[in-house]
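K.L.:
Input structure: final.cif, which contains mmCIF, C-alpha atoms and all ligand atoms.
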data_structure
loop_
_atom_site.label_atom_id
_atom_site.label_comp_id
_atom_site.auth_asym_id
_atom_site.auth_seq_id
_atom_site.Cartn_x
_atom_site.Cartn_y
_atom_site.Cartn_z
CA MET O 1 0.00 0.00 0.00
CA THR O 2 1.20 3.50 -0.75
CA VAL O 3 1.10 5.46 2.48
CA ALA O 4 0.74 9.19 1.90
CA LEU O 5 2.50 10.41 5.04
CA ARG O 6 5.91 8.99 5.73
CA ALA O 7 8.95 9.97 7.72
CA THR O 8 12.17 8.79 6.16
CA ILE O 9 14.83 8.36 8.81
CA ASP O 10 18.37 8.53 7.44
CA LEU O 11 20.46 6.44 9.83
CA GLY O 12 23.59 7.34 7.86
CA ALA O 13 22.97 11.01 8.66
CA LEU O 14 22.40 10.11 12.32
CA GLU O 15 25.72 8.32 12.38
CA ARG O 16 27.53 11.20 10.69
CA ASN O 17 26.01 13.71 13.12
CA LEU O 18 27.28 11.74 16.10
CA ILE O 19 30.74 11.52 14.56
CA THR O 20 30.69 15.28 13.80
CA LEU O 21 29.62 16.16 17.33
CA SER O 22 32.12 13.82 18.89
CA GLY O 23 34.85 15.32 16.70
CA LYS O 24 34.20 18.74 18.26
CA MET O 25 34.34 17.33 21.78
CA GLY O 26 37.95 16.43 22.35
CA ASP O 27 38.10 13.69 24.95
CA ALA O 28 34.57 14.13 26.27
CA LYS O 29 32.41 11.02 26.04
CA VAL O 30 29.11 11.23 24.21
CA LEU O 31 25.92 10.12 25.90
CA ALA O 32 23.44 10.04 23.01
CA VAL O 33 20.08 11.38 24.20
CA VAL O 34 17.34 9.15 22.80
CA LYS O 35 14.44 10.05 25.08
CA ALA O 36 10.93 10.43 23.68
CA ASP O 37 11.41 7.68 21.08
CA ALA O 38 14.65 9.28 19.91
CA TYR O 39 12.89 12.64 19.48
CA GLY O 40 10.24 10.94 17.34
CA HIS O 41 12.76 9.21 15.08
CA GLY O 42 12.21 5.69 16.49
CA VAL O 43 14.46 4.69 19.36
CA GLY O 44 14.92 1.05 18.37
CA ALA O 45 16.55 1.70 15.01
CA CYS O 46 18.37 4.86 16.11
CA ALA O 47 19.92 3.39 19.25
CA ALA O 48 20.88 0.18 17.48
CA ARG O 49 22.76 2.18 14.85
CA LEU O 50 24.44 4.58 17.28
CA ALA O 51 25.52 1.73 19.55
CA LEU O 52 27.73 0.42 16.73
CA LEU O 53 29.88 3.56 16.80
CA PRO O 54 32.93 3.74 19.05
CA GLN O 55 32.06 7.44 19.57
CA CYS O 56 28.85 6.47 21.38
CA ALA O 57 29.68 5.86 25.04
CA GLY O 58 26.11 5.41 26.21
CA PHE O 59 22.55 6.63 26.06
CA ALA O 60 20.38 8.98 28.07
CA VAL O 61 16.62 8.76 28.47
CA ALA O 62 14.17 10.66 30.65
CA ARG O 63 12.21 7.83 32.28
CA VAL O 64 12.90 4.39 33.66
CA GLY O 65 10.52 2.77 31.17
CA GLU O 66 12.52 4.18 28.30
CA GLY O 67 15.66 2.62 29.74
CA VAL O 68 13.97 -0.76 30.06
CA HIS O 69 12.88 -0.45 26.45
CA LEU O 70 16.52 0.08 25.38
CA ARG O 71 17.65 -2.98 27.34
CA ASN O 72 14.86 -5.07 25.84
CA ALA O 73 16.03 -3.90 22.42
CA GLY O 74 19.45 -5.37 23.17
CA ILE O 75 21.37 -2.22 24.09
CA THR O 76 24.23 -3.10 26.45
CA LEU O 77 25.99 0.30 26.70
CA PRO O 78 25.42 2.43 29.81
CA VAL O 79 21.95 3.98 29.95
CA VAL O 80 21.41 7.02 32.18
CA VAL O 81 17.87 7.78 33.32
CA LEU O 82 17.96 11.58 33.55
CA GLY O 83 14.85 11.88 35.71
CA GLY O 84 15.95 9.10 38.02
CA PRO O 85 13.49 6.77 39.74
CA ALA O 86 10.03 8.27 40.20
CA ALA O 87 8.98 5.75 42.89
CA PRO O 88 10.80 3.22 45.07
CA ASP O 89 9.69 0.26 42.95
CA GLU O 90 11.38 1.82 39.94
CA LEU O 91 14.69 1.40 41.73
CA GLU O 92 14.48 -2.38 41.56
CA VAL O 93 13.65 -2.10 37.86
CA CYS O 94 16.78 0.03 37.39
CA VAL O 95 18.83 -2.59 39.20
CA GLN O 96 17.43 -5.42 37.11
CA HIS O 97 18.14 -3.58 33.87
CA ARG O 98 21.48 -2.13 34.91
CA LEU O 99 20.28 1.46 34.42
CA THR O 100 22.29 4.35 35.80
CA VAL O 101 20.08 6.84 37.60
CA ALA O 102 20.43 10.58 37.99
CA VAL O 103 19.40 11.60 41.51
CA HIS O 104 18.12 15.13 42.01
CA ASP O 105 15.91 15.05 45.10
CA TRP O 106 16.29 14.07 48.75
CA THR O 107 13.36 11.70 48.45
CA GLN O 108 15.34 9.65 45.95
CA VAL O 109 18.31 9.63 48.32
CA ALA O 110 16.04 8.21 51.03
CA TRP O 111 14.72 5.51 48.66
CA LEU O 112 18.28 4.50 47.81
CA GLU O 113 19.19 4.36 51.51
CA ALA O 114 16.19 2.19 52.29
CA ALA O 115 16.56 -0.21 49.37
CA VAL O 116 18.30 -3.57 49.66
CA PRO O 117 18.69 -4.44 46.01
CA SER O 118 20.24 -7.55 44.52
CA ARG O 119 22.98 -5.44 42.96
CA ALA O 120 24.18 -1.86 43.45
CA LEU O 121 23.58 0.99 41.01
CA ASP O 122 25.72 3.74 39.56
CA VAL O 123 24.24 7.09 40.52
CA TRP O 124 24.83 10.47 38.90
CA VAL O 125 24.11 13.41 41.17
CA LYS O 126 22.34 16.33 39.55
CA LEU O 127 22.95 19.87 40.77
CA ASP O 128 20.69 22.81 40.04
CA SER O 129 23.10 25.50 38.90
CA GLY O 130 20.38 27.95 37.89
CA MET O 131 17.57 26.36 35.91
CA HIS O 132 15.56 25.65 39.06
CA ARG O 133 14.03 22.52 37.66
CA LEU O 134 15.80 19.35 38.83
CA GLY O 135 18.82 19.13 41.10
CA PHE O 136 20.31 19.88 44.48
CA HIS O 137 21.79 23.16 45.58
CA GLY O 138 25.57 23.01 45.48
CA ASP O 139 25.72 23.47 49.26
CA ASP O 140 24.10 20.05 49.61
CA PHE O 141 26.38 18.24 47.17
CA ALA O 142 28.87 16.91 49.72
CA SER O 143 26.21 15.56 52.04
CA VAL O 144 24.19 14.03 49.17
CA ALA O 145 27.29 12.33 47.81
CA SER O 146 28.38 10.98 51.16
CA ARG O 147 24.91 9.67 52.01
CA LEU O 148 24.68 8.01 48.61
CA GLU O 149 28.12 6.46 48.87
CA ARG O 150 27.10 4.84 52.14
CA ALA O 151 23.78 3.54 50.75
CA PRO O 152 23.86 -0.21 50.00
CA ALA O 153 21.97 0.35 46.76
CA VAL O 154 24.71 2.61 45.39
CA ARG O 155 27.81 1.21 43.78
CA GLU O 156 29.43 4.55 43.12
CA VAL O 157 28.77 8.20 42.24
CA PRO O 158 30.95 8.49 39.14
CA VAL O 159 29.50 11.71 37.70
CA VAL O 160 28.05 15.01 38.85
CA MET O 161 25.84 16.76 36.33
CA THR O 162 23.91 19.94 35.75
CA HIS O 163 21.71 21.27 32.96
CA LEU O 164 21.90 24.61 31.14
CA ALA O 165 18.71 26.65 30.89
CA ASN O 166 19.70 29.32 28.36
CA ALA O 167 22.45 27.77 26.24
CA ASP O 168 20.37 28.20 23.07
CA ASP O 169 21.04 31.95 23.25
CA LEU O 170 24.75 32.53 22.72
CA ASP O 171 24.55 36.04 24.19
CA ASP O 172 22.84 35.07 27.41
CA PRO O 173 24.98 35.67 30.50
CA ALA O 174 23.01 33.05 32.43
CA THR O 175 25.16 30.31 30.92
CA PRO O 176 28.55 31.59 32.12
CA SER O 177 27.09 32.09 35.57
CA GLN O 178 25.70 28.54 35.63
CA LEU O 179 29.12 27.27 34.55
CA ASP O 180 30.91 29.28 37.24
CA ARG O 181 28.55 28.10 39.95
CA PHE O 182 28.84 24.47 38.89
CA SER O 183 32.60 24.52 38.75
CA ALA O 184 32.84 26.14 42.18
CA TRP O 185 30.41 23.62 43.68
CA THR O 186 32.22 20.61 42.20
CA ALA O 187 35.85 21.74 42.58
CA ASP O 188 36.59 19.07 45.22
CA PHE O 189 34.77 16.24 43.47
CA GLY O 190 37.09 13.48 42.27
CA GLY O 191 34.70 12.03 39.69
CA GLU O 192 33.54 13.21 36.28
CA ARG O 193 31.33 16.11 35.17
CA SER O 194 28.50 16.41 32.66
CA ILE O 195 26.99 19.75 31.68
CA ALA O 196 26.24 20.17 28.00
CA ASN O 197 23.11 19.47 25.98
CA SER O 198 23.30 20.18 22.22
CA ALA O 199 23.49 23.93 22.62
CA GLY O 200 26.18 23.52 25.27
CA VAL O 201 28.12 21.15 23.04
CA LEU O 202 27.99 23.41 19.99
CA GLY O 203 28.01 26.86 21.53
CA TRP O 204 29.81 26.78 24.85
CA PRO O 205 33.27 25.15 24.80
CA ASP O 206 33.61 25.70 28.57
CA ALA O 207 30.61 23.42 29.09
CA ARG O 208 32.31 20.40 27.61
CA GLY O 209 33.11 18.44 30.79
CA ASP O 210 33.72 14.68 30.70
CA TRP O 211 30.35 13.57 29.33
CA VAL O 212 28.29 15.54 26.82
CA ARG O 213 24.58 14.90 26.34
CA PRO O 214 23.53 15.95 22.81
CA GLY O 215 19.95 15.23 21.81
CA LEU O 216 18.44 17.45 19.12
CA SER O 217 21.72 17.99 17.27
CA LEU O 218 22.14 14.23 16.77
CA TYR O 219 19.05 14.41 14.63
CA GLY O 220 20.62 17.18 12.54
CA ILE O 221 18.64 20.07 13.97
CA SER O 222 20.02 23.31 15.37
CA PRO O 223 19.39 23.84 19.08
CA PHE O 224 19.87 27.60 18.76
CA LEU O 225 17.25 30.33 18.51
CA THR O 226 18.31 31.11 14.95
CA GLY O 227 20.09 29.26 12.17
CA GLU O 228 19.83 25.72 10.91
CA GLY O 229 21.62 22.44 11.44
CA HIS O 230 23.55 22.44 8.17
CA ALA O 231 25.44 25.57 9.25
CA LEU O 232 26.70 23.51 12.20
CA GLY O 233 27.86 20.66 9.96
CA LEU O 234 24.79 18.55 10.76
CA ALA O 235 22.40 16.79 8.39
CA PRO O 236 18.66 16.40 9.09
CA VAL O 237 17.84 12.79 9.90
CA MET O 238 14.07 12.92 9.44
CA THR O 239 12.39 13.94 6.20
CA LEU O 240 8.61 14.09 6.42
CA ARG O 241 6.70 13.79 3.17
CA THR O 242 3.11 13.37 2.12
CA ARG O 243 1.09 13.65 -1.08
CA LEU O 244 -1.54 15.90 -2.57
CA ILE O 245 -4.90 14.14 -2.43
CA ALA O 246 -6.80 16.93 -4.21
CA VAL O 247 -6.00 19.76 -6.61
CA LYS O 248 -8.61 22.36 -7.56
CA THR O 249 -9.13 25.90 -8.75
CA ILE O 250 -10.96 28.29 -6.45
CA GLU O 251 -12.46 31.71 -7.19
CA ALA O 252 -11.16 35.06 -5.96
CA GLY O 253 -12.43 35.69 -2.43
CA ALA O 254 -13.12 32.01 -1.66
CA PRO O 255 -12.35 31.15 1.97
CA VAL O 256 -10.18 28.10 2.61
CA GLY O 257 -10.41 25.82 5.62
CA TYR O 258 -12.11 26.06 9.02
CA SER O 259 -13.27 29.56 9.98
CA GLY O 260 -12.25 30.85 6.54
CA THR O 261 -9.25 32.63 7.99
CA TRP O 262 -7.70 32.91 4.55
CA ARG O 263 -9.34 33.95 1.27
CA ALA O 264 -8.02 33.52 -2.24
CA PRO O 265 -6.73 36.89 -3.51
CA GLU O 266 -7.46 35.79 -7.09
CA ARG O 267 -8.75 32.79 -9.00
CA MET O 268 -6.06 30.25 -8.23
CA PRO O 269 -5.13 26.60 -7.82
CA ILE O 270 -4.84 25.02 -4.40
CA GLY O 271 -3.76 21.55 -3.41
CA VAL O 272 -4.80 19.57 -0.37
CA ALA O 273 -2.07 17.53 1.33
CA ALA O 274 -2.63 14.49 3.54
CA VAL O 275 -1.21 15.86 6.79
CA GLY O 276 -2.80 17.66 9.69
CA TYR O 277 -2.45 18.54 13.31
CA ALA O 278 -3.25 14.94 14.26
CA ASP O 279 0.15 14.20 12.77
CA GLY O 280 1.77 16.95 14.79
CA TYR O 281 1.86 19.44 11.92
CA PRO O 282 1.57 22.98 13.33
CA ARG O 283 -2.03 24.18 13.27
CA GLY O 284 -1.44 27.93 13.37
CA ALA O 285 -2.69 29.99 10.45
CA ALA O 286 0.73 31.38 9.54
CA PRO O 287 1.86 30.38 6.05
CA THR O 288 4.21 27.42 6.49
CA PRO O 289 6.83 26.58 3.89
CA VAL O 290 6.51 23.27 2.04
CA LEU O 291 7.96 21.82 -1.14
CA VAL O 292 5.65 20.49 -3.83
CA GLY O 293 7.95 18.21 -5.76
CA ASP O 294 11.05 20.38 -5.62
CA ARG O 295 9.17 23.68 -5.82
CA PRO O 296 8.85 25.93 -2.77
CA ALA O 297 5.24 26.67 -1.79
CA ALA O 298 3.32 27.55 1.37
CA THR O 299 0.24 26.49 3.25
CA VAL O 300 -2.91 28.61 3.30
CA GLY O 301 -5.66 28.79 5.88
CA ARG O 302 -5.93 26.81 9.02
CA VAL O 303 -4.49 23.32 9.18
CA SER O 304 -7.19 20.69 9.87
CA MET O 305 -6.80 17.44 11.77
CA ASP O 306 -5.94 15.44 8.65
CA LEU O 307 -5.59 17.95 5.81
CA THR O 308 -3.61 21.04 4.87
CA ALA O 309 -4.24 23.39 1.93
CA ILE O 310 -1.36 24.63 -0.21
CA ASP O 311 -1.11 27.59 -2.55
CA LEU O 312 -0.23 26.07 -5.93
CA ARG O 313 0.13 29.29 -7.89
CA GLY O 314 3.05 28.90 -10.27
CA ILE O 315 3.33 25.16 -9.71
CA VAL O 316 1.69 23.95 -12.89
CA GLN O 317 2.98 20.38 -12.64
CA ALA O 318 1.21 19.71 -9.30
CA LYS O 319 -1.43 16.99 -9.45
CA VAL O 320 -3.07 14.44 -7.21
CA GLY O 321 -0.27 12.19 -5.99
CA SER O 322 2.41 14.89 -6.16
CA GLU O 323 4.89 14.60 -3.35
CA VAL O 324 4.89 17.30 -0.67
CA THR O 325 7.87 17.69 1.65
CA LEU O 326 6.85 19.05 5.03
CA TRP O 327 10.32 19.19 6.57
CA GLY O 328 13.68 17.49 6.33
CA ALA O 329 16.76 17.42 4.16
CA GLU O 330 15.58 20.08 1.67
CA LEU O 331 13.43 22.07 4.11
CA PRO O 332 14.90 22.38 7.60
CA VAL O 333 12.33 21.81 10.34
CA GLU O 334 13.70 24.93 12.06
CA ARG O 335 12.11 26.95 9.22
CA VAL O 336 8.77 25.22 9.70
CA ALA O 337 8.63 25.69 13.46
CA ARG O 338 9.60 29.35 13.73
CA PRO O 339 6.64 31.01 11.93
CA HIS O 340 4.46 29.38 14.58
CA GLY O 341 6.54 30.35 17.58
CA ARG O 342 7.23 26.64 18.01
CA ILE O 343 10.57 24.95 18.47
CA PRO O 344 11.80 22.16 16.18
CA TYR O 345 11.93 19.80 19.17
CA GLU O 346 8.13 19.95 19.41
CA LEU O 347 7.60 19.13 15.76
CA VAL O 348 9.78 16.04 15.48
CA VAL O 349 8.81 14.74 18.92
CA GLY O 350 5.14 15.40 18.18
CA LEU O 351 5.03 13.48 14.91
CA GLY O 352 2.00 11.23 15.21
CA ALA O 353 1.84 7.46 14.96
CA ARG O 354 -0.03 7.72 11.64
CA ALA O 355 3.19 8.62 9.83
CA ALA O 356 4.95 5.52 8.54
CA ARG O 357 8.62 5.46 9.53
CA GLU O 358 11.02 4.25 6.82
CA TYR O 359 14.68 3.69 7.61
CA VAL O 360 17.38 4.31 5.02
CA GLY O 361 21.15 4.73 5.06
C1 LIG G 401 16.87 16.42 26.90
C2 LIG G 401 18.11 16.63 27.68
C3 LIG G 401 19.33 16.76 27.02
C4 LIG G 401 19.44 16.87 25.52
O1 LIG G 401 19.04 18.17 25.13
P1 LIG G 401 19.15 18.70 23.63
O2 LIG G 401 18.82 20.12 23.73
O3 LIG G 401 18.12 17.94 22.86
O4 LIG G 401 20.51 18.41 23.17
C5 LIG G 401 20.47 16.82 27.78
N1 LIG G 401 20.40 16.79 29.15
C6 LIG G 401 19.23 16.71 29.81
C7 LIG G 401 19.22 16.70 31.29
C8 LIG G 401 18.05 16.64 29.10
O5 LIG G 401 16.89 16.56 29.76
#
Take the structure from the file and write it as structure tokens.
Ligand SMILES: *Cc1c(COP(=O)(O)O)cnc(C)c1O

P.N.:
Amino acid sequence: MTVALRATIDLGALERNLITLSGKMGDAKVLAVVKADAYGHGVGACAARLALLPQCAGFAVARVGEGVHLRNAGITLPVVVLGGPAAPDELEVCVQHRLTVAVHDWTQVAWLEAAVPSRALDVWVKLDSGMHRLGFHGDDFASVASRLERAPAVREVPVVMTHLANADDLDDPATPSQLDRFSAWTADFGGERSIANSAGVLGWPDARGDWVRPGLSLYGISPFLTGEGHALGLAPVMTLRTRLIAVKTIEAGAPVGYSGTWRAPERMPIGVAAVGYADGYPRGAAPTPVLVGDRPAATVGRVSMDLTAIDLRGIVQAKVGSEVTLWGAELPVERVARPHGRIPYELVVGLGARAAREYVG
């Protein structure tokens, strides 16, 4: 069956992006972030490919269940659960599946102290250097570490980590102050450090540390407020395409789509593409760039659940069945997200289950 909407995932590009990122990192080890189904790219295929590379030292996920999924898929490299256990019974699951947990809250410390697991866990301690989301204050680091090191459930605390809140903006002074705070807090720590997400990796050399945690950039997408992945030497991994399922001519003044937010300025051809907000395509009324075949075009009117109208003026070859690229190699997803005030993370992660995933490369 020909499926209209399909996401082609280029595993060769994924591999090259990891090698590119690792090449900029000196000796730092790369923890490939594959949370949220590898940012919508399909964690099974992506992790299996990345695990073959010597540059991939391990994986990071947000939740325990995601770590279990990686183990069940045959991944044997270290897996760090960035959110740590969310309940005491998750600890035993982490032990069984040899997951490393990040610990950010005293409650988790107490769970680890109370647990008598069959085997001890590696624990990363997370400090809150300024984002005020997860992590301990630096003043508590020594006592957290010493309590953890005495807990029977803890094998060792090999790494202290923090997370940058504003690294996507290269002019923001919040990042240097987070870095200063973190380095002061961890000056006496004998283990390793992990600071950088994609924006930290690509934009803030001082954030390198011993373990870097790139997510979005692995998939070829820029983590910064402006610019696109290719300027950073990255190649988009996901290309999302669909087809036109209708082509028609409408009269001047004809409204298009729900609420008629857009009206044809002249008699003109429009096409209707099989994609909608149910697939995660942005619903806002702003014109969104697409390619019809290889010709640039834009959406008109409001996106529906399953359908999106496209201005076909000047694209005489368009017909039912014509291919429409929504984002990817020839149309960076950064350019699709920004007119809607969205971030590219949301678009790739939000791609619905209705899109067939095809793996190439
Ligand atoms: C998601 C996440 C990352 C990866 O972030 P990107 O911006 O996608 O590179 C790194 N570290 C932590 C703690 C995260 O939650």

K.L.:
Is there a way to get, as a count of residues only, all residues within 9 Å of the point (31.6, 31.3, 30.6) in file coordinates, counting all atoms listed in the file?

P.N.:
12

K.L.:
So how far away is CA of Trp262 (chain O) from CA of Pro287 (chain O), in Å?

P.N.:
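Interatomic distance, CA of Pro287 (chain O) to CA of Trp262 (chain O): 10.0 Å.
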
K.L.:
What residues have an atom no more than 9 Å from (23.4, 5.0, 52.3) in the file's own frame, counting all atoms listed in the file, and can you write them as a PyMOL selection string?

P.N.:
chain O and resi 109-110+112-114+146-154

K.L.:
Calculated over all atoms listed in the file, which of the candidates O:Ser217, O:Thr299, O:Thr308, O:Gln55 has the smallest distance to Leu232 (chain O)?

P.N.:
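Under the stated criterion, the closest residue is O:Ser217.
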
K.L.:
Rounded to one decimal, what separation in Å do you get between CA of Val360 (chain O) and CA of Ala32 (chain O)?

P.N.:
19.8 Å

K.L.:
Give me, as a list in words, the set of residues whose atoms come within 7 Å of any atom of ligand LIG 401 (chain G), counting all atoms listed in the file.

P.N.:
Val33, Ala62, Leu82, His163, Ala196, Asn197, Ser198, Ala199, Arg213, Pro214, Gly215, Leu216, Ser217 and Pro223 of chain O

K.L.:
Would you save the residues from that selection as an mmCIF file, keeping the file's coordinate frame, using C-alpha atoms?

P.N.:
data_model
loop_
_atom_site.group_PDB
_atom_site.id
_atom_site.type_symbol
_atom_site.label_atom_id
_atom_site.label_comp_id
_atom_site.auth_asym_id
_atom_site.auth_seq_id
_atom_site.Cartn_x
_atom_site.Cartn_y
_atom_site.Cartn_z
ATOM 1 C CA VAL O 33 20.080 11.380 24.200
ATOM 2 C CA ALA O 62 14.170 10.660 30.650
ATOM 3 C CA LEU O 82 17.960 11.580 33.550
ATOM 4 C CA HIS O 163 21.710 21.270 32.960
ATOM 5 C CA ALA O 196 26.240 20.170 28.000
ATOM 6 C CA ASN O 197 23.110 19.470 25.980
ATOM 7 C CA SER O 198 23.300 20.180 22.220
ATOM 8 C CA ALA O 199 23.490 23.930 22.620
ATOM 9 C CA ARG O 213 24.580 14.900 26.340
ATOM 10 C CA PRO O 214 23.530 15.950 22.810
ATOM 11 C CA GLY O 215 19.950 15.230 21.810
ATOM 12 C CA LEU O 216 18.440 17.450 19.120
ATOM 13 C CA SER O 217 21.720 17.990 17.270
ATOM 14 C CA PRO O 223 19.390 23.840 19.080
#

K.L.:
What's around Ala4 (chain O) at 9 Å? Count only C-alpha atoms, leave out sequence neighbours fewer than 6 positions away in its own chain, and write the answer as an NGL selection string.

P.N.:
:O and (241-245 or 273-275 or 321 or 323 or 355-356)

K.L.:
Please produce a file of the residues just selected, as an mmCIF file, keeping the file's coordinate frame, where the atoms kept are C-alpha atoms.

P.N.:
data_model
loop_
_atom_site.group_PDB
_atom_site.id
_atom_site.type_symbol
_atom_site.label_atom_id
_atom_site.label_comp_id
_atom_site.auth_asym_id
_atom_site.auth_seq_id
_atom_site.Cartn_x
_atom_site.Cartn_y
_atom_site.Cartn_z
ATOM 1 C CA ARG O 241 6.700 13.790 3.170
ATOM 2 C CA THR O 242 3.110 13.370 2.120
ATOM 3 C CA ARG O 243 1.090 13.650 -1.080
ATOM 4 C CA LEU O 244 -1.540 15.900 -2.570
ATOM 5 C CA ILE O 245 -4.900 14.140 -2.430
ATOM 6 C CA ALA O 273 -2.070 17.530 1.330
ATOM 7 C CA ALA O 274 -2.630 14.490 3.540
ATOM 8 C CA VAL O 275 -1.210 15.860 6.790
ATOM 9 C CA GLY O 321 -0.270 12.190 -5.990
ATOM 10 C CA GLU O 323 4.890 14.600 -3.350
ATOM 11 C CA ALA O 355 3.190 8.620 9.830
ATOM 12 C CA ALA O 356 4.950 5.520 8.540
#

K.L.:
Find the distance between CA of Gly209 (chain O) and CA of Gly67 (chain O) and write it in Å to one decimal.

P.N.:
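About the pair CA of Gly209 (chain O) and CA of Gly67 (chain O): they are 23.6 Å apart.
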
K.L.:
Could you check which of O:Val123, O:Val290, O:Ala187, O:Ile315 is closest to Val247 (chain O), using only C-alpha atoms?

P.N.:
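Looking only at the distances to Val247 (chain O), the closest residue turns out to be O:Ile315.
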
K.L.:
Residues at most 8 Å from region 34-46 of chain O, counting only C-alpha atoms, excluding those fewer than 5 positions away in the same chain, as a ChimeraX atom specification?

P.N.:
/O:9,11,14,59-63,66,70,73,215-216,238,345,348-351,357,359

K.L.:
Excluding Leu218 (chain O) and any residue of its chain fewer than 6 positions from it, enumerate the residues within 9 Å of it, using all atoms listed in the file, and give them as number ranges by chain.

P.N.:
O: 13-18, 21, 32-33, 198, 234-237

K.L.:
Need the shell around Ile270 (chain O): protein/DNA/RNA residues with any atom at most 7 Å away, counting all atoms listed in the file. Skip same-chain ones fewer than 2 positions apart. Format as a PyMOL selection string?

P.N.:
chain O and resi 247-249+268+272+309-312

K.L.:
Write out as a PDB file with C-alpha atoms, in the coordinates of the input the residues lying within 9 Å of region 280-284 of chain O, counting all atoms listed in the file and excluding same-chain residues fewer than 2 positions away.

P.N.:
ATOM      1  CA  VAL O 275      -1.210  15.860   6.790  1.00  0.00           C
ATOM      2  CA  GLY O 276      -2.800  17.660   9.690  1.00  0.00           C
ATOM      3  CA  TYR O 277      -2.450  18.540  13.310  1.00  0.00           C
ATOM      4  CA  ALA O 278      -3.250  14.940  14.260  1.00  0.00           C
ATOM      5  CA  ALA O 286       0.730  31.380   9.540  1.00  0.00           C
ATOM      6  CA  PRO O 287       1.860  30.380   6.050  1.00  0.00           C
ATOM      7  CA  THR O 288       4.210  27.420   6.490  1.00  0.00           C
ATOM      8  CA  GLY O 301      -5.660  28.790   5.880  1.00  0.00           C
ATOM      9  CA  ARG O 302      -5.930  26.810   9.020  1.00  0.00           C
ATOM     10  CA  VAL O 303      -4.490  23.320   9.180  1.00  0.00           C
ATOM     11  CA  SER O 304      -7.190  20.690   9.870  1.00  0.00           C
ATOM     12  CA  MET O 305      -6.800  17.440  11.770  1.00  0.00           C
ATOM     13  CA  LEU O 326       6.850  19.050   5.030  1.00  0.00           C
ATOM     14  CA  VAL O 336       8.770  25.220   9.700  1.00  0.00           C
ATOM     15  CA  ALA O 337       8.630  25.690  13.460  1.00  0.00           C
ATOM     16  CA  PRO O 339       6.640  31.010  11.930  1.00  0.00           C
ATOM     17  CA  HIS O 340       4.460  29.380  14.580  1.00  0.00           C
ATOM     18  CA  ARG O 342       7.230  26.640  18.010  1.00  0.00           C
ATOM     19  CA  GLU O 346       8.130  19.950  19.410  1.00  0.00           C
ATOM     20  CA  LEU O 347       7.600  19.130  15.760  1.00  0.00           C
ATOM     21  CA  VAL O 348       9.780  16.040  15.480  1.00  0.00           C
ATOM     22  CA  VAL O 349       8.810  14.740  18.920  1.00  0.00           C
ATOM     23  CA  GLY O 350       5.140  15.400  18.180  1.00  0.00           C
ATOM     24  CA  LEU O 351       5.030  13.480  14.910  1.00  0.00           C
ATOM     25  CA  GLY O 352       2.000  11.230  15.210  1.00  0.00           C
TER      26      GLY O 352
END

K.L.:
Of the candidates O:His137, O:His132, O:Arg193, O:His104, which shows the shortest atom-to-atom distance to Leu164 (chain O), using only C-alpha atoms?

P.N.:
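Smallest separation from Leu164 (chain O) among the options: O:His132.
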
K.L.:
When distances are computed from all atoms listed in the file, which of O:Ala87, O:Val300, O:Ile343, O:Val80 shows the smallest separation from Ala254 (chain O)?

P.N.:
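Looking at the shortest contact to Ala254 (chain O), the residue is O:Val300.
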
K.L.:
Hey, which of O:Ala165, O:Val212, O:Leu170, O:Val103 ends up closest to Ala145 (chain O)? Count all atoms listed in the file.

P.N.:
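Under the stated criterion, the closest residue is O:Val103.
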
K.L.:
Would you mind telling me which residue in O:Ser183, O:Ser118, O:Thr261, O:Thr8 lies nearest to Trp327 (chain O) when using only C-alpha atoms?

P.N.:
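Closest to Trp327 (chain O) of all the choices is O:Thr8.
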